[in-house]
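Take a look at the structure set out below.
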Amino acid sequence: LTVMGGCEKMSLCGVVEQAEELKFHIQDNLDRDDATVTALVHFGQETKSLTVTRTPTEEHGYDFVFSQNERGVAILEIAVNDIQVPESPWRVEVIERVCLGNQMVANENGECSCSNNSRLINGECMAD
């Protein structure tokens, strides 16, 4: 299995801001026909499955997208035909979102709002 740039077991395979997307492309080096590729994300106490799609222009290629609203480190587990691949799992770090606009900061869920020392006036955050 090959990932864009290649990721080794438990290596940091990507850094992404809260609520932004990190796109992965993987290649089945064993060229298995009709393989079932799964991607699981473990974050805190939660586990969720990501949608994996075949790459339309590449035989034995697969794509999926990672996105997380909370800051922290997620563990990404990849399996082919229900068997975890040797390179898996990987780590993905979710960092604080950079909010555009004066006096705006990201909250714990990646939503931009006015900082503690400012308030919203006419659609803009203004310092108190």
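Going through the structure tokens in order, the chains are called A, B, and so on, while each chain numbers its residues from 1 and the ligands are numbered from 1 in the order shown.
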
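Contact shell of His42 of chain A at 7 Å (only C-alpha atoms; same-chain neighbours under 6 positions omitted): Lys48, Ala74, Ile75 and Leu76 of chain A.
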
Exercise. Once DSSP has gone over the backbone, tell me which residues of chain A are in strand (DSSP E), as an MDAnalysis selection string.
Key: chainID A and resid 2:3 12:17 22:27 37:43 46:50 53:54 61:66 72:80 83:84 90:95 104:106 112:114 118:121 124:127

Quiz item: Within 12 Å of Val15 of chain A, counting only C-alpha atoms, which residues qualify if same-chain residues fewer than 3 places away don't, as an MDAnalysis selection string?
Solution: chainID A and resid 11:12 18:23 66:68 71:74 90:97

Residues just named, written with N, CA and C atoms as an mmCIF file, in the first residue's frame:
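Now in out-v8.cif:
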```
data_model
loop_
_atom_site.group_PDB
_atom_site.id
_atom_site.type_symbol
_atom_site.label_atom_id
_atom_site.label_comp_id
_atom_site.auth_asym_id
_atom_site.auth_seq_id
_atom_site.Cartn_x
_atom_site.Cartn_y
_atom_site.Cartn_z
ATOM 1 N N SER A 11 3.868 6.753 12.114
ATOM 2 C CA SER A 11 4.498 8.039 11.806
ATOM 3 C C SER A 11 3.433 9.124 11.689
ATOM 4 N N LEU A 12 3.878 10.365 11.818
ATOM 5 C CA LEU A 12 2.982 11.499 11.599
ATOM 6 C C LEU A 12 2.800 11.627 10.098
ATOM 7 N N GLN A 18 -8.145 22.432 12.156
ATOM 8 C CA GLN A 18 -9.503 22.021 12.515
ATOM 9 C C GLN A 18 -10.452 22.300 11.363
ATOM 10 N N ALA A 19 -11.337 21.364 11.084
ATOM 11 C CA ALA A 19 -12.413 21.477 10.101
ATOM 12 C C ALA A 19 -11.919 21.546 8.649
ATOM 13 N N GLU A 20 -10.615 21.467 8.412
ATOM 14 C CA GLU A 20 -10.096 21.431 7.045
ATOM 15 C C GLU A 20 -9.953 19.980 6.610
ATOM 16 N N GLU A 21 -9.842 19.749 5.303
ATOM 17 C CA GLU A 21 -9.739 18.395 4.775
ATOM 18 C C GLU A 21 -8.299 18.048 4.417
ATOM 19 N N LEU A 22 -7.931 16.815 4.726
ATOM 20 C CA LEU A 22 -6.642 16.262 4.335
ATOM 21 C C LEU A 22 -6.953 15.069 3.439
ATOM 22 N N LYS A 23 -6.531 15.152 2.179
ATOM 23 C CA LYS A 23 -6.862 14.111 1.209
ATOM 24 C C LYS A 23 -5.740 13.083 1.138
ATOM 25 N N PHE A 66 -9.803 12.947 5.267
ATOM 26 C CA PHE A 66 -9.820 13.049 6.728
ATOM 27 C C PHE A 66 -10.159 14.479 7.107
ATOM 28 N N SER A 67 -11.036 14.653 8.077
ATOM 29 C CA SER A 67 -11.367 15.964 8.624
ATOM 30 C C SER A 67 -11.805 15.776 10.072
ATOM 31 N N GLN A 68 -11.393 16.679 10.933
ATOM 32 C CA GLN A 68 -11.716 16.588 12.359
ATOM 33 C C GLN A 68 -11.873 18.001 12.903
ATOM 34 N N ARG A 71 -9.031 19.683 18.162
ATOM 35 C CA ARG A 71 -7.572 19.616 18.113
ATOM 36 C C ARG A 71 -7.086 18.347 18.808
ATOM 37 N N GLY A 72 -5.971 17.833 18.338
ATOM 38 C CA GLY A 72 -5.372 16.651 18.943
ATOM 39 C C GLY A 72 -4.739 15.763 17.891
ATOM 40 N N VAL A 73 -4.443 14.537 18.274
ATOM 41 C CA VAL A 73 -3.836 13.573 17.359
ATOM 42 C C VAL A 73 -4.812 12.419 17.125
ATOM 43 N N ALA A 74 -5.076 12.155 15.868
ATOM 44 C CA ALA A 74 -5.946 11.041 15.482
ATOM 45 C C ALA A 74 -5.076 9.881 15.011
ATOM 46 N N TRP A 90 -1.378 5.170 11.168
ATOM 47 C CA TRP A 90 -0.653 6.436 11.046
ATOM 48 C C TRP A 90 -1.249 7.431 12.018
ATOM 49 N N ARG A 91 -0.512 8.484 12.283
ATOM 50 C CA ARG A 91 -1.001 9.580 13.118
ATOM 51 C C ARG A 91 -1.261 10.798 12.236
ATOM 52 N N VAL A 92 -2.315 11.531 12.566
ATOM 53 C CA VAL A 92 -2.631 12.797 11.906
ATOM 54 C C VAL A 92 -2.866 13.824 13.003
ATOM 55 N N GLU A 93 -2.142 14.930 12.938
ATOM 56 C CA GLU A 93 -2.287 15.971 13.947
ATOM 57 C C GLU A 93 -3.268 17.035 13.469
ATOM 58 N N VAL A 94 -4.217 17.362 14.337
ATOM 59 C CA VAL A 94 -5.197 18.406 14.045
ATOM 60 C C VAL A 94 -4.801 19.620 14.882
ATOM 61 N N ILE A 95 -4.438 20.699 14.191
ATOM 62 C CA ILE A 95 -3.980 21.906 14.877
ATOM 63 C C ILE A 95 -5.064 22.978 14.865
ATOM 64 N N GLU A 96 -4.857 24.007 15.669
ATOM 65 C CA GLU A 96 -5.836 25.091 15.784
ATOM 66 C C GLU A 96 -6.058 25.762 14.434
ATOM 67 N N ARG A 97 -7.306 25.975 14.127
ATOM 68 C CA ARG A 97 -7.684 26.654 12.889
ATOM 69 C C ARG A 97 -7.244 28.103 12.940
#
```

Quiz item: Just how far from atom CA of Asn102 of chain A is atom CA of Asn122 of chain A, in Å to one decimal?
Solution: 13.2 Å

Practice problem: Mind giving me the straight-line distance from atom CA of His60 of chain A to atom CA of Leu40 of chain A in Å, one decimal? | Solution: 19.3 Å

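Distances to Gly110 of chain A were evaluated for A:Glu87, A:Asp34, A:Glu70, A:Glu46 using only C-alpha atoms, and the minimum falls at A:Glu70.
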
Quiz item: Which neighbours of Asp28 of chain A fall inside 12 Å, counting only C-alpha atoms, when residues of the same chain fewer than 4 positions from it are skipped, and could you give them as a PyMOL selection string?
Solution: chain A and resi 1-3+32-37+54-55+58-63+78-81+85+87

Quiz prompt | Residues near Ser49 of chain A, cut-off 9 Å, only C-alpha atoms, skip fewer than 4 positions along chain, as a PyMOL selection string | solution = chain A and resi 38-41

Let's have the selection written as a short mmCIF file (atom, residue, chain, number, x, y, z; two decimals), in the first residue's frame, with C-alpha atoms.
```cif
data_model
loop_
_atom_site.label_atom_id
_atom_site.label_comp_id
_atom_site.auth_asym_id
_atom_site.auth_seq_id
_atom_site.Cartn_x
_atom_site.Cartn_y
_atom_site.Cartn_z
CA THR A 38 -11.33 0.56 4.83
CA ALA A 39 -10.09 3.57 6.78
CA LEU A 40 -10.91 3.98 10.47
CA VAL A 41 -10.18 7.08 12.54
#
```
